[in-house]
Protein chains: 2
Amino acid sequence: MAYDIDKEDLITLYPLETLQKFASDFLLALGASEEETAILVDGLMTASLWWHPGQGQGLEKFFRFHMQVTNGGIVPNANMTWVKEGPSYALLDAAKGFGYVSGHRAMAKAVEKAKVTGIAMVGVRHSNHFGIAGYHALHAAKKGLIGWSFTNAKAEMAPWGSAQVVLGTNPWGIAIPRKDTHAIVLDMALTMSGKGMMRWLMNEGRPMPESWALTPDGQTTTDPAAAMLGPLLPIGEYKGYGLSLITDVLAGVMTGSLFGMSVFQDDTNHDVGHVMMAINPTAFMDQADYDTRLEQLVAEVKGAPAIDPKRPVILPGEVEFQRMGEREANGVPLSRETVEKLRALSAEVNVNCPL
Amino acid sequence: MAYDIDKEDLITLYPLETLQKFASDFLLALGASEEETAILVDGLMTASLWWHPGQGQGLEKFFRFHMQVTNGGIVPNANMTWVKEGPSYALLDAAKGFGYVSGHRAMAKAVEKAKVTGIAMVGVRHSNHFGIAGYHALHAAKKGLIGWSFTNAKAEMAPWGSAQVVLGTNPWGIAIPRKDTHAIVLDMALTMSGKGMMRWLMNEGRPMPESWALTPDGQTTTDPAAAMLGPLLPIGEYKGYGLSLITDVLAGVMTGSLFGMSVFQDDTNHDVGHVMMAINPTAFMDQADYDTRLEQLVAEVKGAPAIDPKRPVILPGEVEFQRMGEREANGVPLSRETVEKLRALSAEVNVNCPL
């Protein structure tokens, strides 16, 4: 299932460079440093190239950034500090800075350490929404390492058997480097779906799978409206609940951030925690052997015949990289509603809007 | 859903000590060393205390051990060697030895290294079925570290969108240490269920959830018989497919074991791969703070009201530890069919059978 946005005529395509320049101007105006701006623009452009406008991960983030910079929830050019460091670990205090930036620095540190020791884990405390989990994992893969990013998030999932939300969707990104081609990038929440997709189905008047969410009193339903205030359901039922709990132990409890029902509740202090892990395959195996063996596995996977011949088997991330290529060539979609809001916001913060 | 074995009168309870002694005698007779025997007995007893007889993880393993030791698939007292080692990684060649033993040694090494460096990952190649994933993870938790075990396994899952099996259920065990009480232990396959549970439902004449498995030609079904030769379905649909693929990259591709469709196909050479990871929470946070914060999260989770008041929210592993306590007090269940087969096998290998 996918957003049918491409069918709509409420979408305009813009050249990537136009959005890059606009994002850079906007973030500098918010007070981000040059380095932060470069990281943020790269992250937001990747989101714009990979994902659909309705998913809110591209320039739509500007509204939240502006709101939180204004209320003190995000501190541009924050004084982030390394509070712990050892051979294969480190802990970054993000000091309420941008999540994209703290996540980027943490993964860079994890990669640096894993190259020496084989594997490393870097935690981040007192952070904000870090964007796309798979994007952070991809940073490691671009350096030839396996990347794995975890974050906690606002409570939207109930412990299995309850309808009271305690745990987040707690997204994971895992990226596996491949020779001469895009990495395998799995980017996933630990819930079957999210409120955004449910809202879209509701607006379209369509039912949702019963496995997605419960009503607030814990009943199953296929009506997205009936479940909008209820808990999202975890992948694999009690299994996804366990994975979300463990993610909160790593990203929340162990880093010193908020966790459980407290995280992401106060817009002036989200206090999200992340964990970035990098694994060096060449610690275990020669690069050439690893490459050959990985391509053998990929060939077996991609060689599996499709149930529906029109939908061949794809690797995690393959759709996103294909979309990226198309958009780099043809332009990046923005909804007209977003464009109008971005124009108004640009005027408010005195930034030239090229849209 | 659970096996209803406790209702059946085909079960006999035996004192734990009786089974321990029997297992020890049997394994020594197969040629296992004293050290291997101690590891194997501990693993098999944990399985017997945690799981149900029909799940085949307790003394039922004897039949497979005997078969594979006889045909050369398992080499007792194998000459396992460390083929790679660095600050936070190592790679063990299990030389076709017992999977319980190689997994145990690998996790012990991961713990030893993670205590120094913060996190460590140890791979195992040329191994056999390692028993319960959560059991290996628990070893780390017993030392105060977070343990995470991965293994590849026989292809029973299709890439999402195909019905051809390429990937295994590739179980994970994750254990989180808690102060003064049992660890949180998540032990899970990356499929919604397994063939054993489907076979049980089939024999009971009961339907299965549509999310469990497909027919061999890729149709959905609630008839376990119709899906017995088809692929198991992953947790979270394409998400579980991605997790299984990534697990095979870590445990199969990266360790130098078989992977994809090749692993576990030949009883004389399963060539399974495992990966053991240990994370030291005290690298990131003082022990007392970690303990306090973890118990706060546990309290939030366990405080969530149950939808069905008779089924309160539980932590991963809680059922198993409760069952363990009951069985240590009252005896360990074995089905009469298993007991009869164990008597015959004991006679064959000249071991006294106390059952």
# chains A, B, ... in the order shown; residues from 1 in each chain; ligands from 1
$ residues_around --residues "stretch 135-138 of chain A" --least-positions-apart "5" --cutoff "8 Å" --atoms "only C-alpha atoms" --output "ChimeraX atom specification"
/A:43,46,103-104,107,146-149,173-176,183,185,276
$ select_by_dssp --residues "stretch 113-343 of chain B" --states "alpha helix (DSSP H)" --output "VMD selection string"
chain B and resid 113 to 117 133 to 142 195 to 204 224 to 227 238 to 248 281 to 284 287 to 302 318 to 330 336 to 343
$ closest_atom_pairs --of "stretch 40-159 of chain A" --to "stretch 87-100 of chain B" --cutoff "7 Å" --atoms "only C-alpha atoms" --output "tab-separated table"
residue	atom	partner	partner_atom	distance
A:Thr117	CA	B:Pro87	CA	5.0
A:Gly118	CA	B:Tyr89	CA	5.5
A:Ile119	CA	B:Ser88	CA	6.1
$ interface_residues --of "chain A" --to "chain B" --cutoff "7 Å" --atoms "only C-alpha atoms" --output "PyMOL selection string"
chain A and resi 84+86-89+91+117-121+159-164+166+186+188+192+218+235-236+239+242+249+253-255+260+281+284-285+290+293-294+297+300-301+304-307+313+316
$ atom_distance --atom1 "atom CA of A:Ala32" --atom2 "atom CA of A:His52"
25.6 Å
$ atom_distance --atom1 "atom CA of A:Glu17" --atom2 "atom CA of A:Glu326"
14.5 Å
$ residues_around --residues "A:Thr222" --least-positions-apart "6" --cutoff "7 Å" --atoms "only C-alpha atoms" --output "ChimeraX atom specification"
/A:207-210
$ closest_residue --among "A:Pro177, A:Gly131, A:Pro76, A:Pro231" --to "A:Leu28" --atoms "only C-alpha atoms"
A:Pro76
$ closest_atom_pairs --of "stretch 154-230 of chain A" --to "stretch 53-58 of chain A" --cutoff "9 Å" --atoms "only C-alpha atoms" --output "tab-separated table"
residue	atom	partner	partner_atom	distance
A:Gly196	CA	A:Gln55	CA	6.9
A:Met197	CA	A:Gln55	CA	8.2
A:Trp200	CA	A:Gly54	CA	8.6
$ select_by_dssp --residues "stretch 52-287 of chain B" --states "strand (DSSP E or B)" --output "ChimeraX atom specification"
/B:81-86,89-93,119-127,146-151,155-157,162,167-168,172-178,181-188,191,213-214,220,232,234,272-279
